[in-house]
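Visitor: Mind looking over this structure? Questions follow.
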Amino acid sequence: MTSTANPAEQLAEQLSATTLLRFATAGSVDDGKSTLVGRLLHDSKSVLADQLEAVEHASRSRGQDAPDLALLTDGLRAEREQGITIDVAYRYFATARRRFILADTPGHVQYTRNMVTGASTAELTVILVDARNGVVEQTRRHAAIAALLRVPHVVLAVNKMDLVGYEESVFAAIAEEFTAYASELGVPEITAIPISALAGDNVVDVSANMDWYGGPTVLEHLETVPVSHDLTSCHARFPVQYVIRPQTAEHPDYRGYAGQIAAGTFRVGESVTVLPSGLTSKIAGIDLLGKPVDVAWTPQSVTLLLEDDIDISRGDIVVPSGDAPATTQDVEATVCHVADQPLTVGQRVLLKHTTRTVKAIVKEIPSRLTLDDLSQHPAPGQLVANDIGRVRVRTAEPLALDAYADSRRTGSFLLIDPADGTTLAAGMAGEAFATADAAPAQDDEGWDF
């Protein structure tokens with residue numbers, strides 16, 4: 001008699017064979033983001049019965065005849081009372097073809113910082129536009145953030161097509177305007193889809209009201225868009241998180257360096273360099289889940305053992321000796337300012353890069369991006385909440401910082417208020433938008449590096 005796996009085991013085996021897509025939704029206020037997400041979950045049969053019952057009960061208590069699918073994601077009480085999205089809502093669901101991690105982000109301009117958080121790890125962003133309003137400032141802001149964060153795929157979902165009579169000309173005009181703007185920002189791939197999240201047109205099922213559209217539905221595109229998880233071919237980087245020294249009778253001389261591989265592959269016997277010190281050695285061993293292995297790759301969490309007892313501590317980065325980035329104390333980057341307090345020239349901050357946190361000074365703010373025409377407003381003096389601008393920062397210690405265009409993991413950093421630990425800005429090192437070189441700033445008193 002042949003034994004068969006139980007349904008749970010079959011589901012686990014099926015999910016392990018599918019790929020994972022991280023994506024975020026964005027758009028202006030009342031464009032229907034939460035309704036789209038709710039429709040996507042509902043029509044793909046990803047909503048549990050008790051969840052749907054709770055939504056139906058909440059909808060009836062608000063005097064609505066049909067269930068308000070936006071309530072599947074708008075879980076905070078303030079969100080339900082105001083009918084808006086405030087916090088980033090993460091949802092996990094799966095189909096037979098792919099697994100998904102979805103971040104539903106707010107549309108209000110004062111919550112743009114939340115959109116940065118939700119899209120920072122996304123491989124695809126769905127930007128919604130109300131067909132009645134077309135491309136607005138917040139649409140351009142979200143397109144700029146998607147380009148800045150190097151999100152490889154952008155979907156323009158033109159929503160509420162039912163309110164404009166499903167007119168092809170309305171969709172075509174919006175798609176043309178948005179595509180021209182996003183292409184100028186450098187977004188590599190843009191897919192426009194006409195939908196009605198409320199009615200379900202082209203979300204999961206093909207719409208019978210738009211026979212002029214022959215492209216994929218939203219779910220079909222999410223299931224088939226190419227997703228590259230092959231970070232093993234990138235520059236190998238291993239930020240050290242913790243030094244393991246048991247000093248026990250069983251392991252008297254064990255010295256291991258634990259952390260998560262940020263990118264690339266490491267092998268036993270490989271020559272490596274530790275940055276920023278520049279000390280070199282060879283990998284003597286790699287421990288993975290308590291067992292030795294010959295090779296490890298991102299995003300595995302491992303412990304590296306080196307042939308030489310050299311000075312290594314938390315915040316150092318281990319890299320292949322033949323592929324070591326230059327270290328620098330002068331960081332030029334594009335930042336999204338996320339704090340209520342402004343970022344000013346001369347301000348003392350902490351810069352957190354991977355597992356390393358160092359003191360720094362904002363030496364210059366060369367420009368602020370104007371979203372209307374993508375021009376650079378020179379020398380603004382400060383950045384306020386939700387601004388996108390260029391900064392030059394001087395750090396107290398050298399950093400092994402990659403360009404963000406080469407590595408989203410090791411090319412990004414945070415600027416932090418040293419007084420209270422508030423995150424001030426999320427930074428992307430290197431060039432993001434074309435800017436003119438500005439003259440170097442003069443040294444400031446205080447933290448002078």
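Just remember, in the structure tokens the first chain shown is A, the second B, etc., residues are 1-based per chain, and ligands are 1-based in the order shown.
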Check segment 95-306 of chain A with DSSP on the backbone and list each residue it calls alpha helix (DSSP H), as a ChimeraX atom specification.

Guide: /A:112-119,137-148,168-185,218-224

Visitor: What does the distance between atom CA of Val227 of chain A and atom CA of Ala403 of chain A come to in Å, to one decimal place?

Guide: 21.6 Å

Visitor: Write down as a PyMOL selection string the residues belonging to segment 281-331 of chain A that are assigned strand (DSSP E or B) by DSSP computed on the backbone.

Guide: chain A and resi 281-288+291-293+295-297+301-306+317-320+328-331

Visitor: Give one line per residue of segment 116-151 of chain A that approaches segment 23-40 of chain A to at most 7 Å, naming the two atoms of the closest pair and their distance in Å to one decimal, counting only C-alpha atoms; sort by chain then ascending residue number and deliver it as a tab-separated table.

Guide:
```
residue	atom	partner	partner_atom	distance
A:Gly118	CA	A:Ala24	CA	6.2
A:Ala119	CA	A:Ala24	CA	5.7
A:Ala122	CA	A:Phe23	CA	4.8
A:Glu123	CA	A:Phe23	CA	5.8
A:Leu124	CA	A:Phe23	CA	4.7
A:Thr125	CA	A:Ala24	CA	4.8
A:Val126	CA	A:Thr25	CA	4.6
A:Ile127	CA	A:Ala26	CA	4.8
A:Leu128	CA	A:Gly27	CA	4.8
A:Val129	CA	A:Asp31	CA	5.8
A:Asp130	CA	A:Asp31	CA	5.0
A:Gln138	CA	A:Ser28	CA	5.4
A:Thr139	CA	A:Gly27	CA	5.8
A:His142	CA	A:Ala26	CA	6.7
```

Visitor: Just how far from atom CA of Ile365 of chain A is atom CA of Lys352 of chain A, in Å to one decimal?

Guide: 18.8 Å

Visitor: Could you check which of A:Ala324, A:Val240, A:Val393, A:Val318 is closest to Thr344 of chain A, using only C-alpha atoms?

Guide: A:Val393

Visitor: Taking only C-alpha atoms into account, which of A:Ala426, A:Ile416, A:Val391, A:Val384 comes nearest Val358 of chain A?

Guide: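 Using only C-alpha atoms, Val358 of chain A sits closest to A:Ile416.
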
Visitor: For a quick check of understanding, using only C-alpha atoms, which of A:Arg348, A:Ile190, A:Tyr213, A:Val151 has the smallest distance to Ser169 of chain A?

Guide: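 Looking at the shortest contact to Ser169 of chain A, the residue is A:Tyr213.
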
Visitor: Which residues are near segment 341-343 of chain A? Cut-off 12 Å, only C-alpha atoms, ignore same chain within fewer than 2 positions. Put them as an NGL selection string.

Guide: :A and (335-339 or 345-349 or 361-365 or 368 or 380-393 or 415-417 or 422-426)

Visitor: Okay, now the selection with C-alpha atoms, as a JSON list (two decimals), in the first residue's frame?

Guide:
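Written out: result17.json:
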```json
[["chain", "number", "residue", "atom", "x", "y", "z"],
["A", 335, "VAL", "CA", 17.64, 60.68, 0.43],
["A", 336, "CYS", "CA", 13.95, 60.52, 1.22],
["A", 337, "HIS", "CA", 13.37, 62.61, 4.34],
["A", 338, "VAL", "CA", 10.94, 60.79, 6.63],
["A", 339, "ALA", "CA", 11.05, 62.73, 9.92],
["A", 345, "VAL", "CA", 23.30, 71.64, 6.67],
["A", 346, "GLY", "CA", 25.76, 71.20, 9.55],
["A", 347, "GLN", "CA", 23.46, 68.84, 11.44],
["A", 348, "ARG", "CA", 25.13, 66.07, 13.43],
["A", 349, "VAL", "CA", 23.63, 62.65, 12.72],
["A", 361, "ILE", "CA", 27.81, 65.55, 9.70],
["A", 362, "VAL", "CA", 25.53, 66.77, 6.91],
["A", 363, "LYS", "CA", 28.05, 68.87, 4.97],
["A", 364, "GLU", "CA", 25.80, 70.00, 2.14],
["A", 365, "ILE", "CA", 22.32, 69.68, 0.67],
["A", 368, "ARG", "CA", 15.84, 69.15, -3.71],
["A", 380, "PRO", "CA", 17.43, 74.43, -0.42],
["A", 381, "GLY", "CA", 19.27, 74.65, 2.92],
["A", 382, "GLN", "CA", 17.12, 71.93, 4.45],
["A", 383, "LEU", "CA", 14.86, 68.99, 3.67],
["A", 384, "VAL", "CA", 11.48, 68.64, 5.36],
["A", 385, "ALA", "CA", 9.18, 65.65, 5.72],
["A", 386, "ASN", "CA", 8.61, 63.78, 2.44],
["A", 387, "ASP", "CA", 11.24, 65.79, 0.52],
["A", 388, "ILE", "CA", 13.57, 63.97, -1.88],
["A", 389, "GLY", "CA", 16.98, 65.55, -2.23],
["A", 390, "ARG", "CA", 20.71, 65.18, -2.61],
["A", 391, "VAL", "CA", 23.02, 65.27, 0.41],
["A", 392, "ARG", "CA", 26.73, 65.12, 1.08],
["A", 393, "VAL", "CA", 27.66, 63.58, 4.41],
["A", 415, "LEU", "CA", 20.41, 58.91, 8.87],
["A", 416, "ILE", "CA", 19.44, 58.90, 12.57],
["A", 417, "ASP", "CA", 19.04, 61.62, 15.19],
["A", 422, "THR", "CA", 14.59, 58.98, 15.38],
["A", 423, "THR", "CA", 15.10, 57.94, 11.77],
["A", 424, "LEU", "CA", 15.59, 61.13, 9.77],
["A", 425, "ALA", "CA", 16.14, 59.95, 6.21],
["A", 426, "ALA", "CA", 16.58, 56.85, 4.06]]
```

Visitor: Report, in Å to a single decimal, how far apart atom CA of Glu270 of chain A and atom CA of Gly285 of chain A are.

Guide: 9.9 Å

Visitor: Pick the closest to Leu148 of chain A from A:Ala89, A:Ala419, A:Leu369, A:Leu275: which is it, counting only C-alpha atoms?

Guide: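 Among the listed residues, the smallest separation from Leu148 of chain A belongs to A:Leu369.
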